$ cat entry15.pdb   # PDB, C-alpha atoms
ATOM      1  CA  MET A 107     -76.362 -34.705  -8.422
ATOM      2  CA  SER A 108     -78.368 -37.846  -7.630
ATOM      3  CA  LYS A 109     -75.753 -39.231  -5.234
ATOM      4  CA  VAL A 110     -75.131 -38.555  -1.545
ATOM      5  CA  PHE A 111     -71.457 -37.700  -0.926
ATOM      6  CA  TYR A 112     -70.000 -38.115   2.559
ATOM      7  CA  LYS A 113     -66.977 -35.961   3.385
ATOM      8  CA  SER A 114     -63.881 -36.841   5.393
ATOM      9  CA  ALA A 115     -62.762 -34.703   8.325
ATOM     10  CA  ASP A 116     -60.119 -33.125   6.065
ATOM     11  CA  ASP A 117     -62.706 -32.431   3.367
ATOM     12  CA  ILE A 118     -64.879 -30.640   5.903
ATOM     13  CA  GLU A 119     -61.967 -28.420   6.906
ATOM     14  CA  GLN A 120     -61.387 -27.599   3.232
ATOM     15  CA  LEU A 121     -65.073 -26.709   2.946
ATOM     16  CA  ARG A 122     -64.767 -24.529   6.034
ATOM     17  CA  ARG A 123     -61.991 -22.561   4.279
ATOM     18  CA  SER A 124     -64.185 -22.112   1.214
ATOM     19  CA  ALA A 125     -67.058 -21.018   3.431
ATOM     20  CA  ASP A 126     -64.775 -18.528   5.204
ATOM     21  CA  VAL A 127     -64.088 -16.776   1.897
ATOM     22  CA  LEU A 128     -67.810 -16.647   1.166
ATOM     23  CA  SER A 129     -68.784 -15.391   4.622
ATOM     24  CA  GLN A 130     -66.162 -12.636   4.370
ATOM     25  CA  LEU A 131     -67.471 -11.744   0.903
ATOM     26  CA  LEU A 132     -70.946 -11.264   2.363
ATOM     27  CA  GLY A 133     -69.342  -8.938   4.882
ATOM     28  CA  GLU A 134     -67.752  -6.941   2.055
ATOM     29  CA  ILE A 135     -71.137  -6.670   0.355
ATOM     30  CA  ALA A 136     -72.667  -5.457   3.613
ATOM     31  CA  LYS A 137     -70.161  -2.573   3.585
ATOM     32  CA  VAL A 138     -71.249  -1.250   0.196
ATOM     33  CA  ILE A 139     -74.915  -2.150  -0.237
ATOM     34  CA  LYS A 140     -76.967   1.056  -0.046
ATOM     35  CA  PRO A 141     -79.513   3.078  -2.014
ATOM     36  CA  GLY A 142     -78.229   4.064  -5.454
ATOM     37  CA  ILE A 143     -75.826   1.173  -5.996
ATOM     38  CA  LYS A 144     -76.454  -1.005  -9.042
ATOM     39  CA  THR A 145     -76.806  -4.713  -8.425
ATOM     40  CA  ILE A 146     -74.259  -5.471 -11.168
ATOM     41  CA  SER A 147     -71.603  -3.661  -9.115
ATOM     42  CA  LEU A 148     -72.151  -6.157  -6.286
ATOM     43  CA  ASP A 149     -71.628  -8.964  -8.779
ATOM     44  CA  LYS A 150     -68.357  -7.426  -9.955
ATOM     45  CA  LEU A 151     -67.208  -7.043  -6.352
ATOM     46  CA  ALA A 152     -67.934 -10.731  -5.751
ATOM     47  CA  TYR A 153     -66.093 -11.874  -8.868
ATOM     48  CA  GLU A 154     -62.994  -9.894  -7.943
ATOM     49  CA  TYR A 155     -63.060 -10.775  -4.239
ATOM     50  CA  ILE A 156     -63.404 -14.506  -4.862
ATOM     51  CA  HIS A 157     -60.542 -14.502  -7.391
ATOM     52  CA  ASP A 158     -58.363 -12.359  -5.121
ATOM     53  CA  ASN A 159     -58.800 -15.016  -2.425
ATOM     54  CA  GLY A 160     -57.762 -17.916  -4.630
ATOM     55  CA  GLY A 161     -61.178 -19.203  -5.644
ATOM     56  CA  THR A 162     -63.625 -19.072  -8.511
ATOM     57  CA  PRO A 163     -67.329 -18.151  -8.366
ATOM     58  CA  ALA A 164     -69.254 -21.411  -8.096
ATOM     59  CA  PHE A 165     -72.366 -19.902  -9.681
ATOM     60  CA  LEU A 166     -70.718 -18.399 -12.773
ATOM     61  CA  ASN A 167     -71.606 -20.557 -15.809
ATOM     62  CA  TYR A 168     -73.303 -23.166 -13.588
ATOM     63  CA  GLN A 169     -75.860 -24.668 -15.962
ATOM     64  CA  GLY A 170     -75.412 -21.497 -18.013
ATOM     65  CA  PHE A 171     -76.000 -18.972 -15.206
ATOM     66  CA  PRO A 172     -74.157 -15.847 -16.403
ATOM     67  CA  TYR A 173     -73.196 -14.160 -13.101
ATOM     68  CA  SER A 174     -71.205 -14.719  -9.907
ATOM     69  CA  LEU A 175     -74.159 -13.882  -7.643
ATOM     70  CA  CYS A 176     -77.894 -14.336  -7.670
ATOM     71  CA  ILE A 177     -79.370 -11.004  -6.570
ATOM     72  CA  SER A 178     -83.102 -11.041  -5.931
ATOM     73  CA  VAL A 179     -84.932  -7.841  -4.968
ATOM     74  CA  ASN A 180     -88.227  -7.513  -3.068
ATOM     75  CA  ASP A 181     -90.729  -9.954  -4.628
ATOM     76  CA  GLN A 182     -87.956 -11.938  -6.319
ATOM     77  CA  ILE A 183     -87.316 -15.067  -4.255
ATOM     78  CA  VAL A 184     -84.131 -16.493  -5.785
ATOM     79  CA  HIS A 185     -81.930 -16.645  -8.896
ATOM     80  CA  GLY A 186     -82.345 -12.992  -9.871
ATOM     81  CA  PHE A 187     -79.913 -11.493 -12.390
ATOM     82  CA  PRO A 188     -77.623  -8.642 -11.337
ATOM     83  CA  GLY A 189     -78.010  -5.667 -13.662
ATOM     84  CA  ASP A 190     -78.599  -1.938 -13.909
ATOM     85  CA  TYR A 191     -81.268  -1.890 -11.205
ATOM     86  CA  GLU A 192     -80.397   0.757  -8.609
ATOM     87  CA  ILE A 193     -81.154  -0.397  -5.095
ATOM     88  CA  LYS A 194     -83.685   1.834  -3.348
ATOM     89  CA  ASP A 195     -84.327   2.774   0.244
ATOM     90  CA  GLY A 196     -86.660   0.162   1.737
ATOM     91  CA  ASP A 197     -85.654  -2.675  -0.608
ATOM     92  CA  LEU A 198     -85.054  -6.242   0.482
ATOM     93  CA  VAL A 199     -82.057  -7.603  -1.429
ATOM     94  CA  SER A 200     -81.206 -11.310  -1.308
ATOM     95  CA  VAL A 201     -77.550 -11.988  -2.164
ATOM     96  CA  ASP A 202     -76.838 -15.651  -2.910
ATOM     97  CA  GLY A 203     -73.357 -16.791  -3.851
ATOM     98  CA  GLY A 204     -70.940 -19.683  -3.958
ATOM     99  CA  VAL A 205     -67.175 -20.190  -3.887
ATOM    100  CA  ASN A 206     -65.130 -22.990  -5.423
ATOM    101  CA  LEU A 207     -61.849 -23.105  -3.499
ATOM    102  CA  ASN A 208     -59.538 -25.905  -4.634
ATOM    103  CA  GLY A 209     -62.509 -28.010  -5.679
ATOM    104  CA  PHE A 210     -64.500 -27.487  -2.481
ATOM    105  CA  ILE A 211     -67.747 -25.597  -2.942
ATOM    106  CA  SER A 212     -69.526 -23.349  -0.438
ATOM    107  CA  ASP A 213     -72.969 -21.774  -0.835
ATOM    108  CA  SER A 214     -74.788 -19.139   1.213
ATOM    109  CA  ALA A 215     -77.412 -16.411   1.033
ATOM    110  CA  TYR A 216     -78.247 -13.346   3.103
ATOM    111  CA  THR A 217     -81.150 -10.943   2.630
ATOM    112  CA  PHE A 218     -80.337  -7.315   3.359
ATOM    113  CA  GLY A 219     -82.869  -4.703   4.369
ATOM    114  CA  VAL A 220     -81.611  -1.488   2.760
ATOM    115  CA  GLY A 221     -82.180   1.817   4.520
ATOM    116  CA  GLU A 222     -85.521   2.243   6.263
ATOM    117  CA  ILE A 223     -87.633  -0.860   5.680
ATOM    118  CA  SER A 224     -91.251  -1.474   6.637
ATOM    119  CA  GLU A 225     -92.278  -3.261   9.834
ATOM    120  CA  GLU A 226     -93.602  -6.147   7.740
ATOM    121  CA  ALA A 227     -90.293  -6.420   5.885
ATOM    122  CA  GLN A 228     -88.330  -6.439   9.157
ATOM    123  CA  LEU A 229     -90.575  -9.132  10.598
ATOM    124  CA  LEU A 230     -90.142 -11.219   7.448
ATOM    125  CA  LEU A 231     -86.349 -10.945   7.715
ATOM    126  CA  ASP A 232     -86.360 -11.804  11.412
ATOM    127  CA  VAL A 233     -88.677 -14.788  11.013
ATOM    128  CA  THR A 234     -86.831 -16.188   8.002
ATOM    129  CA  LYS A 235     -83.430 -15.967   9.701
ATOM    130  CA  GLU A 236     -84.730 -17.446  12.934
ATOM    131  CA  SER A 237     -86.394 -20.290  11.029
ATOM    132  CA  LEU A 238     -82.972 -21.056   9.517
ATOM    133  CA  TYR A 239     -81.475 -21.284  13.002
ATOM    134  CA  LYS A 240     -84.344 -23.523  14.136
ATOM    135  CA  GLY A 241     -83.547 -25.844  11.245
ATOM    136  CA  VAL A 242     -79.817 -25.790  11.930
ATOM    137  CA  GLU A 243     -80.443 -26.912  15.530
ATOM    138  CA  GLN A 244     -81.842 -30.184  14.151
ATOM    139  CA  ALA A 245     -78.861 -30.862  11.850
ATOM    140  CA  VAL A 246     -77.149 -33.515  13.976
ATOM    141  CA  ALA A 247     -76.282 -37.159  13.390
ATOM    142  CA  GLY A 248     -79.143 -39.563  14.041
ATOM    143  CA  LYS A 249     -81.914 -37.124  13.154
ATOM    144  CA  ARG A 250     -83.662 -36.991   9.786
ATOM    145  CA  VAL A 251     -84.116 -34.356   7.101
ATOM    146  CA  GLY A 252     -87.752 -34.061   8.146
ATOM    147  CA  ASP A 253     -86.661 -32.868  11.590
ATOM    148  CA  ILE A 254     -84.986 -29.881   9.943
ATOM    149  CA  SER A 255     -87.908 -29.303   7.593
ATOM    150  CA  SER A 256     -90.555 -29.403  10.304
ATOM    151  CA  ALA A 257     -88.557 -27.104  12.603
ATOM    152  CA  VAL A 258     -88.531 -24.446   9.868
ATOM    153  CA  GLN A 259     -92.197 -24.956   9.019
ATOM    154  CA  GLU A 260     -93.470 -24.947  12.594
ATOM    155  CA  TYR A 261     -91.728 -21.659  13.354
ATOM    156  CA  VAL A 262     -92.806 -19.870  10.158
ATOM    157  CA  ASN A 263     -96.399 -21.051  10.474
ATOM    158  CA  LYS A 264     -96.761 -19.070  13.718
ATOM    159  CA  PHE A 265     -96.490 -15.869  11.673
ATOM    160  CA  GLY A 266     -98.687 -16.832   8.730
ATOM    161  CA  PHE A 267     -96.010 -16.363   6.079
ATOM    162  CA  GLY A 268     -95.823 -18.517   2.946
ATOM    163  CA  ILE A 269     -93.177 -21.247   2.727
ATOM    164  CA  VAL A 270     -91.831 -21.799  -0.800
ATOM    165  CA  ARG A 271     -92.135 -25.482  -1.762
ATOM    166  CA  GLU A 272     -90.765 -25.541  -5.297
ATOM    167  CA  LEU A 273     -87.225 -24.708  -4.125
ATOM    168  CA  VAL A 274     -85.327 -26.476  -1.344
ATOM    169  CA  GLY A 275     -82.002 -26.819   0.433
ATOM    170  CA  HIS A 276     -79.527 -29.489  -0.597
ATOM    171  CA  GLY A 277     -76.292 -31.331  -0.049
ATOM    172  CA  VAL A 278     -73.139 -29.472  -1.055
ATOM    173  CA  GLY A 279     -69.362 -29.816  -1.156
ATOM    174  CA  TYR A 280     -67.909 -31.534  -4.201
ATOM    175  CA  HIS A 281     -70.736 -30.150  -6.345
ATOM    176  CA  LEU A 282     -72.966 -27.111  -5.898
ATOM    177  CA  HIS A 283     -76.073 -29.276  -5.566
ATOM    178  CA  GLU A 284     -75.931 -32.778  -4.126
ATOM    179  CA  LYS A 285     -78.409 -35.079  -2.437
ATOM    180  CA  PRO A 286     -80.299 -35.017  -0.162
ATOM    181  CA  GLU A 287     -82.869 -32.322  -0.806
ATOM    182  CA  VAL A 288     -83.721 -30.348   2.344
ATOM    183  CA  PRO A 289     -87.251 -28.913   2.108
ATOM    184  CA  ASN A 290     -88.483 -26.148   4.393
ATOM    185  CA  TYR A 291     -91.649 -28.085   5.237
ATOM    186  CA  GLY A 292     -92.209 -31.645   6.347
ATOM    187  CA  LYS A 293     -92.816 -34.092   9.181
ATOM    188  CA  ARG A 294     -90.536 -34.872  12.089
ATOM    189  CA  GLY A 295     -88.900 -38.279  11.820
ATOM    190  CA  SER A 296     -89.320 -38.469   8.035
ATOM    191  CA  GLY A 297     -86.843 -38.343   5.164
ATOM    192  CA  PRO A 298     -83.222 -39.465   4.830
ATOM    193  CA  LYS A 299     -81.223 -40.053   8.002
ATOM    194  CA  LEU A 300     -78.534 -37.496   8.829
ATOM    195  CA  GLU A 301     -75.154 -39.187   9.129
ATOM    196  CA  GLU A 302     -71.698 -37.887   9.983
ATOM    197  CA  GLY A 303     -69.813 -36.605   6.945
ATOM    198  CA  LEU A 304     -72.883 -35.169   5.254
ATOM    199  CA  VAL A 305     -72.718 -31.444   4.468
ATOM    200  CA  ILE A 306     -75.964 -29.642   3.684
ATOM    201  CA  CYS A 307     -77.297 -26.192   2.908
ATOM    202  CA  ILE A 308     -80.375 -25.210   4.884
ATOM    203  CA  GLU A 309     -82.091 -22.275   3.179
ATOM    204  CA  PRO A 310     -85.577 -21.090   4.093
ATOM    205  CA  MET A 311     -87.250 -19.073   1.335
ATOM    206  CA  ILE A 312     -90.208 -17.350   2.953
ATOM    207  CA  ASN A 313     -92.859 -15.100   1.378
ATOM    208  CA  ALA A 314     -94.755 -12.322   3.129
ATOM    209  CA  GLY A 315     -97.909 -13.436   1.316
ATOM    210  CA  ARG A 316     -98.826 -16.600  -0.522
ATOM    211  CA  ALA A 317     -96.402 -19.497  -0.883
ATOM    212  CA  GLY A 318     -96.862 -19.691  -4.658
ATOM    213  CA  VAL A 319     -94.081 -18.788  -7.091
ATOM    214  CA  ARG A 320     -93.767 -17.488 -10.636
ATOM    215  CA  PHE A 321     -90.926 -18.579 -12.919
ATOM    216  CA  TRP A 322     -89.662 -15.887 -15.281
ATOM    217  CA  ASP A 323     -89.030 -16.282 -18.994
ATOM    218  CA  ASP A 324     -85.282 -15.773 -18.424
ATOM    219  CA  GLY A 325     -85.213 -19.367 -17.176
ATOM    220  CA  TRP A 326     -83.801 -18.407 -13.770
ATOM    221  CA  THR A 327     -85.584 -15.701 -11.797
ATOM    222  CA  VAL A 328     -88.308 -16.857  -9.420
ATOM    223  CA  SER A 329     -90.702 -14.367  -7.806
ATOM    224  CA  THR A 330     -93.745 -14.441  -5.561
ATOM    225  CA  VAL A 331     -97.036 -15.083  -7.319
ATOM    226  CA  ASP A 332     -98.756 -12.165  -5.561
ATOM    227  CA  GLY A 333     -95.968  -9.573  -5.822
ATOM    228  CA  LYS A 334     -95.340  -9.496  -2.079
ATOM    229  CA  LEU A 335     -91.909  -9.537  -0.464
ATOM    230  CA  SER A 336     -89.709 -12.605  -0.020
ATOM    231  CA  ALA A 337     -86.638 -13.340   2.120
ATOM    232  CA  HIS A 338     -83.910 -15.998   1.875
ATOM    233  CA  PHE A 339     -81.142 -17.011   4.277
ATOM    234  CA  GLU A 340     -78.776 -19.960   3.776
ATOM    235  CA  GLN A 341     -76.042 -21.598   5.824
ATOM    236  CA  MET A 342     -73.825 -24.669   5.323
ATOM    237  CA  VAL A 343     -73.775 -27.275   8.074
ATOM    238  CA  ALA A 344     -71.645 -30.400   8.534
ATOM    239  CA  ILE A 345     -73.460 -33.219  10.276
ATOM    240  CA  ARG A 346     -71.777 -34.380  13.473
ATOM    241  CA  LYS A 347     -72.849 -36.107  16.678
ATOM    242  CA  GLY A 348     -74.221 -33.974  19.463
ATOM    243  CA  GLN A 349     -74.407 -30.568  17.808
ATOM    244  CA  PRO A 350     -74.380 -29.027  14.339
ATOM    245  CA  ASP A 351     -71.093 -27.822  12.862
ATOM    246  CA  VAL A 352     -71.998 -24.584  11.086
ATOM    247  CA  LEU A 353     -69.338 -24.022   8.431
ATOM    248  CA  LEU A 354     -70.522 -20.619   7.268
ATOM    249  CA  THR A 355     -71.102 -17.716   9.632
ATOM    250  CA  PHE A 356     -73.028 -14.466   9.236
ATOM    251  CA  GLU A 357     -70.805 -12.738  11.800
ATOM    252  CA  HIS A 358     -68.906 -10.693   9.170
ATOM    253  CA  VAL A 359     -72.180  -9.343   7.776
ATOM    254  CA  GLU A 360     -73.692  -8.603  11.129
ATOM    255  CA  LYS A 361     -70.580  -6.872  12.465
ATOM    256  CA  VAL A 362     -70.849  -4.426   9.553
ATOM    257  CA  LEU A 363     -74.613  -3.980   9.856
ATOM    258  CA  ASN A 364     -74.419  -3.361  13.586
ATOM    259  CA  LYS A 365     -72.082  -0.424  12.919
ATOM    260  CA  LYS A 366     -74.384   1.189  10.363
TER
END
$ encode --input "entry15.pdb" --output "C-alpha cells"
Amino acid sequence: MSKVFYKSADDIEQLRRSADVLSQLLGEIAKVIKPGIKTISLDKLAYEYIHDNGGTPAFLNYQGFPYSLCISVNDQIVHGFPGDYEIKDGDLVSVDGGVNLNGFISDSAYTFGVGEISEEAQLLLDVTKESLYKGVEQAVAGKRVGDISSAVQEYVNKFGFGIVRELVGHGVGYHLHEKPEVPNYGKRGSGPKLEEGLVICIEPMINAGRAGVRFWDDGWTVSTVDGKLSAHFEQMVAIRKGQPDVLLTFEHVEKVLNKK
C-alpha cells in the first residue's frame, strides 16, 4: 500500500490481540519443530491454529501466495514454500507468518536452529536477533526510520555479515504491507518521521556471507547468492512517545526452546 495509516489506541489494542495469536502460534511451532518433520506439516498446524483462534492466515492467497506460512531453510532468506522437505539436524528454519483477526493484521518471523547447529549458524542467529532489538529501541515518536535502519546496520557490520537490501520491513495493521518501508541499512536522522499511531514491522534479514540475493523461478522464494546461511527475525512495534510498544513477543517461543 502506498499510504501511511495511523492507528487509534483501540486499533492498536486490536492489533495486539492479533499479534498475541501469532506469538502463541510461534510457540506451538517451537514445540514440534525437529529433525524429520516436513515443513508442510508446520503450515497445516498454522492454518488450523489460526482458525481455531478466530482468525485467518494473512499470508494465504496474498498476491497468490499458496500457503499460510513462509518457511525458508538454510540459504533461503524469505518467502520459501512449505513442502515435503524433511527438516534436518543443523538446519536453520525461518518461519514467517501473519494473522488476520477481525480485520487487524499481525506479521512476525522467527528463525529456529534445529538440533545441533554450527558455531557460525548460532552466531548468525544471535546477531540477527540482537540487531532486531537494536532497531526496536529506536522505534519511538520523534525519531526517523533511518534511526532504526542505522541501528541494525551498525550492529551487524561489527560481525561482517551481509545485510539484505532488496527486502525491507514495513508498516502493517489494516493491510499486510503498508508504508513506510523500513530498511535494515541507512543513516541516522534520515527517512520518514516516526509518529504516534504508526505500527511497523522491523525485520532484519542477515546473510552469513554476501548480501546479494537470488530470486527463484517460483516467483516467491529468495535465497542467498552464494549459498550461505541466512536468518530472519521480525517483530511488530507501535510507535509511542518515550519507549517502543512491542506488540508481538517471542516469549512463547523462547519458553519452549529453553526447556528443550
$ resolve_selection --input "entry15.pdb" --expression "the PyMOL selection byres ((chain A and resi 136-142) around 12)" --output "CSV table (one decimal) with C-alpha atoms, in the coordinates of the input"
chain,number,residue,atom,x,y,z
A,129,SER,CA,-68.8,-15.4,4.6
A,130,GLN,CA,-66.2,-12.6,4.4
A,131,LEU,CA,-67.5,-11.7,0.9
A,132,LEU,CA,-70.9,-11.3,2.4
A,133,GLY,CA,-69.3,-8.9,4.9
A,134,GLU,CA,-67.8,-6.9,2.1
A,135,ILE,CA,-71.1,-6.7,0.4
A,143,ILE,CA,-75.8,1.2,-6.0
A,144,LYS,CA,-76.5,-1.0,-9.0
A,145,THR,CA,-76.8,-4.7,-8.4
A,146,ILE,CA,-74.3,-5.5,-11.2
A,147,SER,CA,-71.6,-3.7,-9.1
A,148,LEU,CA,-72.2,-6.2,-6.3
A,149,ASP,CA,-71.6,-9.0,-8.8
A,151,LEU,CA,-67.2,-7.0,-6.4
A,152,ALA,CA,-67.9,-10.7,-5.8
A,177,ILE,CA,-79.4,-11.0,-6.6
A,190,ASP,CA,-78.6,-1.9,-13.9
A,191,TYR,CA,-81.3,-1.9,-11.2
A,192,GLU,CA,-80.4,0.8,-8.6
A,193,ILE,CA,-81.2,-0.4,-5.1
A,194,LYS,CA,-83.7,1.8,-3.3
A,195,ASP,CA,-84.3,2.8,0.2
A,196,GLY,CA,-86.7,0.2,1.7
A,197,ASP,CA,-85.7,-2.7,-0.6
A,198,LEU,CA,-85.1,-6.2,0.5
A,199,VAL,CA,-82.1,-7.6,-1.4
A,200,SER,CA,-81.2,-11.3,-1.3
A,201,VAL,CA,-77.6,-12.0,-2.2
A,216,TYR,CA,-78.2,-13.3,3.1
A,217,THR,CA,-81.2,-10.9,2.6
A,218,PHE,CA,-80.3,-7.3,3.4
A,219,GLY,CA,-82.9,-4.7,4.4
A,220,VAL,CA,-81.6,-1.5,2.8
A,221,GLY,CA,-82.2,1.8,4.5
A,222,GLU,CA,-85.5,2.2,6.3
A,223,ILE,CA,-87.6,-0.9,5.7
A,356,PHE,CA,-73.0,-14.5,9.2
A,357,GLU,CA,-70.8,-12.7,11.8
A,358,HIS,CA,-68.9,-10.7,9.2
A,359,VAL,CA,-72.2,-9.3,7.8
A,360,GLU,CA,-73.7,-8.6,11.1
A,361,LYS,CA,-70.6,-6.9,12.5
A,362,VAL,CA,-70.8,-4.4,9.6
A,363,LEU,CA,-74.6,-4.0,9.9
A,364,ASN,CA,-74.4,-3.4,13.6
A,365,LYS,CA,-72.1,-0.4,12.9
A,366,LYS,CA,-74.4,1.2,10.4
$ atom_distance --input "entry15.pdb" --atom1 "atom CA of A:Ser174" --atom2 "atom CA of A:Cys307"
18.2 Å
$ closest_residue --input "entry15.pdb" --among "A:Gly209, A:Glu302, A:Asp253, A:Arg271" --to "A:Lys113" --atoms "only C-alpha atoms"
A:Glu302
$ residues_around --input "entry15.pdb" --residues "A:Asn206" --least-positions-apart "2" --cutoff "7 Å" --atoms "all atoms listed in the file" --output "list in words"
Ser124, Gly161, Thr162, Pro163, Ala164, Gly204, Asn208, Gly209, Phe210, Ile211 and Ser212 of chain A
$ atom_distance --input "entry15.pdb" --atom1 "atom CA of A:Tyr280" --atom2 "atom CA of A:Gln349"
23.0 Å
$ closest_residue --input "entry15.pdb" --among "A:Gly189, A:Gly333, A:Gly241, A:Gly268" --to "A:Glu309" --atoms "all atoms listed in the file"
A:Gly241
$ atom_distance --input "entry15.pdb" --atom1 "atom CA of A:Glu243" --atom2 "atom CA of A:Asp126"
20.6 Å
$ resolve_selection --input "entry15.pdb" --expression "the PyMOL selection byres ((chain A and resi 352-354) around 8)" --output "list of chain:residue names"
A:Leu121, A:Arg122, A:Ala125, A:Asp126, A:Leu128, A:Ser129, A:Ser214, A:Val242, A:Gln341, A:Met342, A:Val343, A:Ala344, A:Pro350, A:Asp351, A:Thr355, A:Phe356
$ write_last_selection --input "entry15.pdb" --atoms "C-alpha atoms" --output "PDB file, keeping the file's coordinate frame"
ATOM      1  CA  LEU A 121     -65.073 -26.709   2.946  1.00  0.00           C
ATOM      2  CA  ARG A 122     -64.767 -24.529   6.034  1.00  0.00           C
ATOM      3  CA  ALA A 125     -67.058 -21.018   3.431  1.00  0.00           C
ATOM      4  CA  ASP A 126     -64.775 -18.528   5.204  1.00  0.00           C
ATOM      5  CA  LEU A 128     -67.810 -16.647   1.166  1.00  0.00           C
ATOM      6  CA  SER A 129     -68.784 -15.391   4.622  1.00  0.00           C
ATOM      7  CA  SER A 214     -74.788 -19.139   1.213  1.00  0.00           C
ATOM      8  CA  VAL A 242     -79.817 -25.790  11.930  1.00  0.00           C
ATOM      9  CA  GLN A 341     -76.042 -21.598   5.824  1.00  0.00           C
ATOM     10  CA  MET A 342     -73.825 -24.669   5.323  1.00  0.00           C
ATOM     11  CA  VAL A 343     -73.775 -27.275   8.074  1.00  0.00           C
ATOM     12  CA  ALA A 344     -71.645 -30.400   8.534  1.00  0.00           C
ATOM     13  CA  PRO A 350     -74.380 -29.027  14.339  1.00  0.00           C
ATOM     14  CA  ASP A 351     -71.093 -27.822  12.862  1.00  0.00           C
ATOM     15  CA  THR A 355     -71.102 -17.716   9.632  1.00  0.00           C
ATOM     16  CA  PHE A 356     -73.028 -14.466   9.236  1.00  0.00           C
TER      17      PHE A 356
END
$ resolve_selection --input "entry15.pdb" --expression "the PyMOL selection byres ((chain A and resi 275) around 6)" --output "PyMOL selection string"
chain A and resi 274+276+287-289+307-309
$ residues_around --input "entry15.pdb" --residues "stretch 315-324 of chain A" --least-positions-apart "6" --cutoff "7 Å" --atoms "all atoms listed in the file" --output "list in words"
Phe267, Gly268, Ile269, Val270, Thr330, Val331, Asp332 and Lys334 of chain A
$ closest_residue --input "entry15.pdb" --among "A:Thr327, A:Asn290, A:Asn180, A:Gln120" --to "A:Thr234" --atoms "all atoms listed in the file"
A:Asn290
$ closest_residue --input "entry15.pdb" --among "A:Leu238, A:Val305, A:Val233, A:Val127" --to "A:Val258" --atoms "only C-alpha atoms"
A:Leu238
$ closest_residue --input "entry15.pdb" --among "A:Pro310, A:Lys285, A:Ser329, A:Glu225" --to "A:Val110" --atoms "all atoms listed in the file"
A:Lys285
$ closest_residue --input "entry15.pdb" --among "A:Glu226, A:Asp116, A:Glu301, A:Glu260" --to "A:Val246" --atoms "all atoms listed in the file"
A:Glu301
$ residues_near_point --input "entry15.pdb" --point "(-75.3, -15.5, -11.2)" --cutoff "10 Å" --atoms "all atoms listed in the file" --output "list in words"
Asp149, Pro163, Ala164, Phe165, Leu166, Asn167, Tyr168, Gly170, Phe171, Pro172, Tyr173, Ser174, Leu175, Cys176, Ile177, His185, Gly186, Phe187, Pro188, Val201, Asp202, Gly203, Gly204 and Trp326 of chain A
